[in-house]
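Remarks on the structure that follows.
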There are 2 protein chains.
Amino acid sequence: MTPPPNRRERPAKPALTRNGIVAAAVDLLRAGGLRQVTTRRLAEALDTAPASLYVYVRNTAELHAAVLDALLGTVDLDPGGGPWRDRLVEVLTSYTRLLLAHPGLAASALVARPSGPRYLNLVEALLALLAEGGVPPGQAAWGVDVLLQLATATAVEHSNGESEEDWQTLAAVVRDASPETHPHVAALGADLLSGPPEARLTWGLNLLINGIAHTARPS
Amino acid sequence: MTPPPNRRERPAKPALTRNGIVAAAVDLLRAGGLRQVTTRRLAEALDTAPASLYVYVRNTAELHAAVLDALLGTVDLDPGGGPWRDRLVEVLTSYTRLLLAHPGLAASALVARPSGPRYLNLVEALLALLAEGGVPPGQAAWGVDVLLQLATATAVEHSNGESEEDWQTLAAVVRDASPETHPHVAALGADLLSGPPEARLTWGLNLLINGIAHTARPS
DNA sequence: ACCTGAACACCGTTCAAGT
DNA sequence: ACCTGAACACCGTTCAAGT
């Protein structure tokens with residue numbers, strides 16, 4: 001009644017699949033950030049050899065893109081009532097929050113343009129809201145990119161591991177700016193760095209929406 | 001008449017200095033991109049050991065920031081005549097061009113906030129142009145960040161090594177979008193990806209300026 | 001104070017060989 | 001077709017030891 005040798009106490013490891021690899025990568029990301037998501041660690045987690053992953057994934061960049069698309073499923077594309085404008089800001093803030101929660105992923109979203117199914121859903125939702133607001137289609141088409149760029153760039157900036165020290169340095173540089181050589185910096189002073197990040201993002205998204213709605217594309 | 005042993009044909013290697021290290025890093029960058037700027041290669045170029053660099057530079061991120069600030073000296077902060085708006089777009093386009101020329105550097109500018117002297121000059125120039133245009137100071141203070149974010153994010157996106165393939169994939173995804181599930185994407189189609197990058201950047205900067213000038217900050 | 005050699009603890013990717 | 005071990009060609013950073 002001994003089990004056959006290929007049937008151990010812990011059941012045989014599941015067969016490798018692309019989805020399984022991506023799911024394991026998401027687990028690693030949640031556990032310890034994108035820095036943990038390396039081919040070697042991933043292979044270890046899946047109890048296989050690093051080289052085996054290359055059957056399912058072209059390279060690390062593609063893997064990171066797949067991880068992002070999987071996480072994109074958690075973005076709320078249809079938030080409650082309110083004017084279209086507020087809902088648009090809401091969707092984009094939700095997207096930014098997702099990226100902020102996973103340092104490093106935002107940077108990879110900027111370098112390798114996402115093109116997964118969830119990303120397409122996000123773009124569709126943004127276009128629908130812009131159309132609801134009566135934004136001319138051509139401006140909406142180009143505007144979506146700019147909105148997503150601001151959201152992504154904001155996430156990259158704030159998902160900076162050692163930002164505290166950087167920020168102190170920047171604050172000191174601004175504070176010590178000479179009114180002679182840098183009059184505008186000196187005059188504005190702390191206001192250049194004032195305000196909670198969320199307030200700045202919300203303001204940024206609103207000014208973007210205003211600009212997109214009222215700036216004609218070049219002919 | 002033999003030269004003393006410490007005086008070889010090739011003169012003794014120059015003493016290590018922070019500036020010398022940064023200059024060598026810029027050379028490596030120009031020669032082969034940011035991927036070449038590693039502590040080991042840099043040490044080899046300077047004919048020293050990797051560990052020696054850590055006397056002058058805290059880590060690789062700080063080194064990259066110093067390289068960026070050195071290059072920032074080439075941005076034209078005071079382009080010819082024309083309305084303030086066009087000059088503002090010109091300065092930011094020049095900054096973007098610099099980042100586009102050095103793939104990887106833009107990403108590091110986003111992750112570690114620059115705070116070098118040249119960067120401060122750039123911010124001062126942007127603030128001066130916004131003031132010239134009569135933009136309220138509070139909006140200018142926050143707006144500068146958004147302008148630089150768009151410029152930097154655009155550079156990161158386009159300084160993608162394998163963008164050609166990514167772009168083809170994205171184009172195919174947009175083309176094949178179902179009018180049932182993604183009506184807006186399907187309707188806009190190719191227009192989502194149309195236009196040369198420079199035209200899109202110029203439009204983006206203009207809409208940003210409009211938005212910054214006409215959107216009140218939250219109270 | 002500055003510099004070095006050597007080590008520590010890793011990377012992504014390829015490839016011949018096996019099943 | 002898929003998986004593996006082993007290798008190739010690297011990384012950043014630290015540290016005891018020298019000068």
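Starting from 1 in every chain, residues are counted up; chains themselves are A, B, ... following the order of the structure tokens, and ligands are numbered from 1 as listed.
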
Specify as a list in words all residues of chain C found within 10 Å of chain A, counting only C-alpha atoms (C1' of nucleotides). DC10, DC11, DG12, DT13, DT14 and DC15 of chain C

Atoms to include: N, CA, C and O atoms (P, O5', C5', C4', C3', O3' and C1' of nucleotides). Write the selected residues as a PDB file, in the first residue's frame.
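Done, and the output landed in part_15.pdb:
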ATOM      1  P    DC C  10      21.165  36.557  -1.565  1.00  0.00           P
ATOM      2  O5'  DC C  10      21.755  35.697  -2.811  1.00  0.00           O
ATOM      3  C5'  DC C  10      21.109  35.768  -4.103  1.00  0.00           C
ATOM      4  C4'  DC C  10      21.411  37.091  -4.775  1.00  0.00           C
ATOM      5  C3'  DC C  10      20.828  37.182  -6.175  1.00  0.00           C
ATOM      6  O3'  DC C  10      19.492  37.648  -6.057  1.00  0.00           O
ATOM      7  C1'  DC C  10      23.066  38.035  -6.100  1.00  0.00           C
ATOM      8  P    DC C  11      18.324  37.077  -6.961  1.00  0.00           P
ATOM      9  O5'  DC C  11      18.425  38.098  -8.160  1.00  0.00           O
ATOM     10  C5'  DC C  11      19.116  37.721  -9.266  1.00  0.00           C
ATOM     11  C4'  DC C  11      19.320  38.867 -10.187  1.00  0.00           C
ATOM     12  C3'  DC C  11      18.962  38.469 -11.603  1.00  0.00           C
ATOM     13  O3'  DC C  11      17.732  39.062 -11.927  1.00  0.00           O
ATOM     14  C1'  DC C  11      21.300  38.971 -11.446  1.00  0.00           C
ATOM     15  P    DG C  12      16.651  38.200 -12.687  1.00  0.00           P
ATOM     16  O5'  DG C  12      17.211  38.326 -14.166  1.00  0.00           O
ATOM     17  C5'  DG C  12      17.327  39.602 -14.753  1.00  0.00           C
ATOM     18  C4'  DG C  12      17.878  39.444 -16.145  1.00  0.00           C
ATOM     19  C3'  DG C  12      17.017  38.565 -17.034  1.00  0.00           C
ATOM     20  O3'  DG C  12      17.001  39.126 -18.337  1.00  0.00           O
ATOM     21  C1'  DG C  12      19.172  37.584 -16.795  1.00  0.00           C
ATOM     22  P    DT C  13      16.124  38.559 -19.492  1.00  0.00           P
ATOM     23  O5'  DT C  13      17.097  37.461 -20.102  1.00  0.00           O
ATOM     24  C5'  DT C  13      18.369  37.879 -20.554  1.00  0.00           C
ATOM     25  C4'  DT C  13      19.154  36.695 -21.044  1.00  0.00           C
ATOM     26  C3'  DT C  13      18.363  35.710 -21.923  1.00  0.00           C
ATOM     27  O3'  DT C  13      18.938  35.776 -23.217  1.00  0.00           O
ATOM     28  C1'  DT C  13      19.756  34.590 -20.357  1.00  0.00           C
ATOM     29  P    DT C  14      18.418  34.882 -24.437  1.00  0.00           P
ATOM     30  O5'  DT C  14      19.499  33.702 -24.425  1.00  0.00           O
ATOM     31  C5'  DT C  14      20.865  34.055 -24.335  1.00  0.00           C
ATOM     32  C4'  DT C  14      21.737  32.812 -24.408  1.00  0.00           C
ATOM     33  C3'  DT C  14      21.272  31.749 -25.412  1.00  0.00           C
ATOM     34  O3'  DT C  14      22.429  31.316 -26.130  1.00  0.00           O
ATOM     35  C1'  DT C  14      21.514  30.771 -23.263  1.00  0.00           C
ATOM     36  P    DC C  15      22.300  30.504 -27.510  1.00  0.00           P
ATOM     37  O5'  DC C  15      22.808  29.052 -27.100  1.00  0.00           O
ATOM     38  C5'  DC C  15      23.828  28.890 -26.108  1.00  0.00           C
ATOM     39  C4'  DC C  15      23.936  27.415 -25.717  1.00  0.00           C
ATOM     40  C3'  DC C  15      23.214  26.463 -26.685  1.00  0.00           C
ATOM     41  O3'  DC C  15      23.975  25.275 -26.812  1.00  0.00           O
ATOM     42  C1'  DC C  15      22.371  26.153 -24.534  1.00  0.00           C
TER      43       DC C  15
END

Could you please select, counting only C-alpha atoms, the residues of chain A within 7 Å of chain B and state them as a tab-separated table (two decimals) with N, CA, C and O atoms, in the first residue's frame?
chain	number	residue	atom	x	y	z
A	110	LEU	N	5.77	52.44	-17.55
A	110	LEU	CA	6.18	53.58	-18.35
A	110	LEU	C	7.15	53.14	-19.44
A	110	LEU	O	7.10	53.63	-20.56
A	111	VAL	N	8.01	52.21	-19.10
A	111	VAL	CA	9.02	51.77	-20.05
A	111	VAL	C	8.42	50.88	-21.14
A	111	VAL	O	8.63	51.11	-22.32
A	112	ALA	N	7.66	49.88	-20.72
A	112	ALA	CA	7.03	48.98	-21.69
A	112	ALA	C	5.53	49.26	-21.71
A	112	ALA	O	4.83	48.96	-20.75
A	113	ARG	N	5.06	49.84	-22.77
A	113	ARG	CA	3.66	50.20	-22.86
A	113	ARG	C	2.76	49.00	-22.63
A	113	ARG	O	2.83	48.02	-23.37
A	115	SER	N	-0.39	46.59	-22.87
A	115	SER	CA	-1.36	46.38	-23.95
A	115	SER	C	-2.25	45.18	-23.63
A	115	SER	O	-2.83	44.59	-24.52
A	124	GLU	N	-10.80	52.18	-22.28
A	124	GLU	CA	-12.20	52.29	-22.70
A	124	GLU	C	-13.02	53.09	-21.69
A	124	GLU	O	-13.79	53.98	-22.05
A	127	LEU	N	-12.17	56.78	-21.93
A	127	LEU	CA	-12.74	57.39	-23.14
A	127	LEU	C	-14.24	57.60	-22.98
A	127	LEU	O	-14.79	58.62	-23.42
A	128	ALA	N	-14.91	56.64	-22.34
A	128	ALA	CA	-16.36	56.76	-22.16
A	128	ALA	C	-16.68	57.98	-21.30
A	128	ALA	O	-17.62	58.72	-21.58
A	141	ALA	N	-8.84	61.24	-27.60
A	141	ALA	CA	-7.94	60.17	-28.05
A	141	ALA	C	-6.51	60.44	-27.60
A	141	ALA	O	-5.82	59.55	-27.09
A	142	TRP	N	-6.05	61.66	-27.80
A	142	TRP	CA	-4.70	62.00	-27.37
A	142	TRP	C	-4.63	62.26	-25.88
A	142	TRP	O	-3.61	62.04	-25.23
A	146	VAL	N	-2.11	61.32	-22.01
A	146	VAL	CA	-1.54	62.30	-21.09
A	146	VAL	C	-2.04	62.04	-19.67
A	146	VAL	O	-1.26	62.13	-18.71
A	149	GLN	N	-0.22	59.12	-18.36
A	149	GLN	CA	1.18	59.47	-18.12
A	149	GLN	C	1.34	60.18	-16.78
A	149	GLN	O	2.26	59.87	-16.02
A	150	LEU	N	0.44	61.11	-16.48
A	150	LEU	CA	0.56	61.82	-15.21
A	150	LEU	C	0.37	60.86	-14.04
A	150	LEU	O	1.13	60.89	-13.06
A	153	ALA	N	3.53	58.62	-13.85
A	153	ALA	CA	4.71	59.36	-13.42
A	153	ALA	C	4.61	59.71	-11.93
A	153	ALA	O	5.60	59.64	-11.20
A	156	VAL	N	5.51	56.62	-9.99
A	156	VAL	CA	6.95	56.34	-10.04
A	156	VAL	C	7.67	57.26	-9.07
A	156	VAL	O	8.52	56.82	-8.29
A	157	GLU	N	7.32	58.53	-9.10
A	157	GLU	CA	7.99	59.49	-8.24
A	157	GLU	C	7.85	59.15	-6.76
A	157	GLU	O	8.79	59.29	-6.00
A	160	ASN	N	9.44	55.81	-4.55
A	160	ASN	CA	10.89	55.90	-4.43
A	160	ASN	C	11.30	55.46	-3.03
A	160	ASN	O	10.89	56.05	-2.03
A	166	ASP	N	15.89	62.23	-0.15
A	166	ASP	CA	15.84	63.05	-1.35
A	166	ASP	C	15.02	64.29	-1.11
A	166	ASP	O	15.37	65.39	-1.54
A	170	LEU	N	16.03	68.22	-1.41
A	170	LEU	CA	15.36	69.15	-2.30
A	170	LEU	C	14.81	70.34	-1.53
A	170	LEU	O	14.94	71.49	-1.96
A	173	VAL	N	17.60	72.68	-0.75
A	173	VAL	CA	18.05	73.41	-1.93
A	173	VAL	C	17.09	74.56	-2.24
A	173	VAL	O	17.52	75.68	-2.53
A	182	HIS	N	18.10	83.15	-8.27
A	182	HIS	CA	16.87	82.39	-8.49
A	182	HIS	C	15.68	83.08	-7.83
A	182	HIS	O	15.07	82.54	-6.90
A	184	HIS	N	12.53	83.69	-8.59
A	184	HIS	CA	11.20	83.08	-8.56
A	184	HIS	C	11.16	81.90	-7.61
A	184	HIS	O	10.19	81.72	-6.88
A	185	VAL	N	12.22	81.09	-7.63
A	185	VAL	CA	12.28	79.97	-6.70
A	185	VAL	C	12.27	80.50	-5.27
A	185	VAL	O	11.52	80.02	-4.40
A	188	LEU	N	8.74	81.88	-4.27
A	188	LEU	CA	7.70	80.88	-4.02
A	188	LEU	C	8.08	80.00	-2.84
A	188	LEU	O	7.21	79.57	-2.08
A	191	ASP	N	6.17	76.87	-1.07
A	191	ASP	CA	4.96	76.55	-1.84
A	191	ASP	C	5.27	75.62	-3.02
A	191	ASP	O	4.40	74.91	-3.51
A	192	LEU	N	6.50	75.62	-3.47
A	192	LEU	CA	6.89	74.73	-4.55
A	192	LEU	C	6.72	73.27	-4.15
A	192	LEU	O	6.50	72.39	-4.98
A	203	TRP	N	-5.45	67.98	-8.25
A	203	TRP	CA	-5.37	69.24	-8.98
A	203	TRP	C	-4.79	69.00	-10.38
A	203	TRP	O	-5.31	69.50	-11.38
A	204	GLY	N	-3.72	68.20	-10.45
A	204	GLY	CA	-3.09	67.90	-11.73
A	204	GLY	C	-4.06	67.24	-12.70
A	204	GLY	O	-4.13	67.62	-13.88
A	207	LEU	N	-6.62	69.87	-13.90
A	207	LEU	CA	-6.12	70.82	-14.90
A	207	LEU	C	-5.89	70.12	-16.24
A	207	LEU	O	-6.07	70.73	-17.31
A	208	LEU	N	-5.55	68.86	-16.18
A	208	LEU	CA	-5.38	68.09	-17.41
A	208	LEU	C	-6.72	67.97	-18.14
A	208	LEU	O	-6.80	68.15	-19.36
A	210	ASN	N	-9.28	69.95	-17.89
A	210	ASN	CA	-9.59	71.27	-18.44
A	210	ASN	C	-8.81	71.51	-19.73
A	210	ASN	O	-9.37	71.95	-20.74
A	211	GLY	N	-7.53	71.24	-19.68
A	211	GLY	CA	-6.69	71.48	-20.85
A	211	GLY	C	-7.09	70.61	-22.03
A	211	GLY	O	-7.16	71.08	-23.18
A	212	ILE	N	-7.37	69.34	-21.78
A	212	ILE	CA	-7.75	68.42	-22.85
A	212	ILE	C	-9.06	68.89	-23.50
A	212	ILE	O	-9.21	68.88	-24.72
A	215	THR	N	-8.23	72.53	-25.46
A	215	THR	CA	-7.07	72.80	-26.32
A	215	THR	C	-7.22	72.02	-27.63
A	215	THR	O	-7.25	70.78	-27.62
A	217	ARG	N	-6.32	70.28	-31.10
A	217	ARG	CA	-5.15	69.59	-31.63
A	217	ARG	C	-4.60	70.34	-32.82
A	217	ARG	O	-5.35	70.98	-33.54

Using only C-alpha atoms (C1' of nucleotides), which protein or nucleic acid residues come within 12 Å of Asn19 of chain B? Drop anything in the same chain fewer than 3 positions from it, and give the result as a ChimeraX atom specification. /B:14-16,22-26,53,56-57,63,66-67,69-70

Please produce a file of those selected residues containing all heavy atoms, as a CSV table (one decimal), in the first residue's frame.
chain,number,residue,atom,x,y,z
B,14,PRO,N,45.1,60.3,-13.2
B,14,PRO,CA,44.7,61.5,-12.4
B,14,PRO,C,44.1,61.1,-11.1
B,14,PRO,O,43.5,60.0,-11.0
B,14,PRO,CB,43.7,62.2,-13.3
B,14,PRO,CG,43.2,61.1,-14.2
B,14,PRO,CD,44.3,60.1,-14.4
B,15,ALA,N,44.3,61.9,-10.1
B,15,ALA,CA,43.7,61.6,-8.8
B,15,ALA,C,42.2,61.5,-8.9
B,15,ALA,O,41.6,62.2,-9.7
B,15,ALA,CB,44.1,62.7,-7.8
B,16,LEU,N,41.6,60.7,-8.1
B,16,LEU,CA,40.2,60.5,-8.1
B,16,LEU,C,39.5,61.8,-7.5
B,16,LEU,O,40.0,62.2,-6.5
B,16,LEU,CB,39.7,59.3,-7.3
B,16,LEU,CG,39.8,57.9,-8.0
B,16,LEU,CD1,39.3,56.8,-7.1
B,16,LEU,CD2,39.0,57.9,-9.3
B,22,VAL,N,32.2,61.7,-12.2
B,22,VAL,CA,31.0,62.1,-12.9
B,22,VAL,C,31.3,62.3,-14.4
B,22,VAL,O,30.6,61.8,-15.2
B,22,VAL,CB,30.4,63.4,-12.3
B,22,VAL,CG1,29.2,63.8,-13.2
B,22,VAL,CG2,29.9,63.1,-10.9
B,23,ALA,N,32.4,63.0,-14.7
B,23,ALA,CA,32.8,63.2,-16.1
B,23,ALA,C,33.1,61.9,-16.8
B,23,ALA,O,32.6,61.7,-17.9
B,23,ALA,CB,34.1,64.0,-16.1
B,24,ALA,N,33.7,60.9,-16.1
B,24,ALA,CA,33.9,59.6,-16.7
B,24,ALA,C,32.6,58.9,-16.9
B,24,ALA,O,32.4,58.2,-17.9
B,24,ALA,CB,34.9,58.8,-15.8
B,25,ALA,N,31.7,59.1,-16.0
B,25,ALA,CA,30.4,58.5,-16.1
B,25,ALA,C,29.6,59.0,-17.3
B,25,ALA,O,28.9,58.3,-18.1
B,25,ALA,CB,29.6,58.7,-14.8
B,26,VAL,N,29.7,60.4,-17.5
B,26,VAL,CA,29.1,61.0,-18.7
B,26,VAL,C,29.7,60.4,-20.0
B,26,VAL,O,29.0,60.1,-20.9
B,26,VAL,CB,29.3,62.5,-18.7
B,26,VAL,CG1,28.8,63.1,-20.0
B,26,VAL,CG2,28.5,63.1,-17.5
B,53,LEU,N,35.2,54.0,-5.6
B,53,LEU,CA,34.2,55.1,-5.9
B,53,LEU,C,33.3,55.5,-4.8
B,53,LEU,O,32.8,56.6,-4.7
B,53,LEU,CB,33.3,54.5,-7.1
B,53,LEU,CG,34.1,54.1,-8.3
B,53,LEU,CD1,33.1,53.5,-9.3
B,53,LEU,CD2,34.9,55.2,-8.9
B,56,TYR,N,33.5,58.7,-2.9
B,56,TYR,CA,33.0,60.0,-3.5
B,56,TYR,C,31.6,60.0,-3.8
B,56,TYR,O,31.0,61.1,-3.9
B,56,TYR,CB,33.8,60.3,-4.7
B,56,TYR,CG,35.3,60.4,-4.5
B,56,TYR,CD1,36.1,59.2,-4.7
B,56,TYR,CD2,35.9,61.5,-4.0
B,56,TYR,CE1,37.5,59.3,-4.5
B,56,TYR,CE2,37.3,61.6,-3.8
B,56,TYR,CZ,38.0,60.4,-4.0
B,56,TYR,OH,39.4,60.5,-3.8
B,57,VAL,N,31.0,58.8,-3.9
B,57,VAL,CA,29.6,58.7,-4.3
B,57,VAL,C,28.9,57.7,-3.4
B,57,VAL,O,29.4,56.6,-3.2
B,57,VAL,CB,29.5,58.2,-5.8
B,57,VAL,CG1,28.2,57.7,-6.1
B,57,VAL,CG2,30.0,59.3,-6.7
B,63,LEU,N,25.0,58.7,-8.2
B,63,LEU,CA,25.8,58.9,-9.4
B,63,LEU,C,25.0,59.2,-10.6
B,63,LEU,O,25.3,60.2,-11.3
B,63,LEU,CB,26.6,57.6,-9.7
B,63,LEU,CG,27.5,57.6,-10.9
B,63,LEU,CD1,28.6,58.6,-10.8
B,63,LEU,CD2,28.1,56.2,-11.2
B,66,ALA,N,23.9,62.8,-10.4
B,66,ALA,CA,24.9,63.7,-10.7
B,66,ALA,C,25.2,63.8,-12.2
B,66,ALA,O,25.5,64.9,-12.8
B,66,ALA,CB,26.2,63.3,-10.0
B,67,VAL,N,25.1,62.7,-12.9
B,67,VAL,CA,25.3,62.6,-14.4
B,67,VAL,C,24.2,63.5,-15.0
B,67,VAL,O,24.5,64.3,-15.9
B,67,VAL,CB,25.3,61.2,-14.9
B,67,VAL,CG1,25.1,61.2,-16.4
B,67,VAL,CG2,26.5,60.5,-14.5
B,69,ASP,N,22.5,65.9,-13.8
B,69,ASP,CA,22.7,67.4,-13.5
B,69,ASP,C,23.8,67.9,-14.4
B,69,ASP,O,23.7,69.1,-14.9
B,69,ASP,CB,22.9,67.6,-12.1
B,69,ASP,CG,22.6,69.1,-11.7
B,69,ASP,OD1,21.4,69.4,-11.7
B,69,ASP,OD2,23.5,69.9,-11.5
B,70,ALA,N,24.8,67.2,-14.6
B,70,ALA,CA,25.9,67.6,-15.5
B,70,ALA,C,25.4,67.9,-16.9
B,70,ALA,O,25.7,68.9,-17.6
B,70,ALA,CB,27.0,66.6,-15.5

Which of segment 29-117 of chain A fall in helix (DSSP H, G or I), as a ChimeraX atom specification: /A:29-32,34-36,39-45,50-53,60-74,84-101,105-111,117

Atom pair atom CA of Leu72 of chain A / atom CA of Val135 of chain A: separation (Å): 25.3 Å

Here atom CA of Leu71 of chain B and atom CA of Pro103 of chain A stand apart by 27.1 Å

Name all residues at most 8 Å from Leu46 of chain A (count only C-alpha atoms (C1' of nucleotides); drop same-chain ones fewer than 4 positions away) and give them as JSON, numbers by chain. {"A": [13, 21, 24, 42]}

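Residues in contact range of DA17 of chain D, defined as at most 12 Å between only C-alpha atoms (C1' of nucleotides), with sequence neighbours fewer than 4 positions away removed, read DC3, DT4, DG5 and DA6 of chain C.
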
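Atom CA of Leu105 of chain B is found 6.8 Å from atom CA of Leu68 of chain B.
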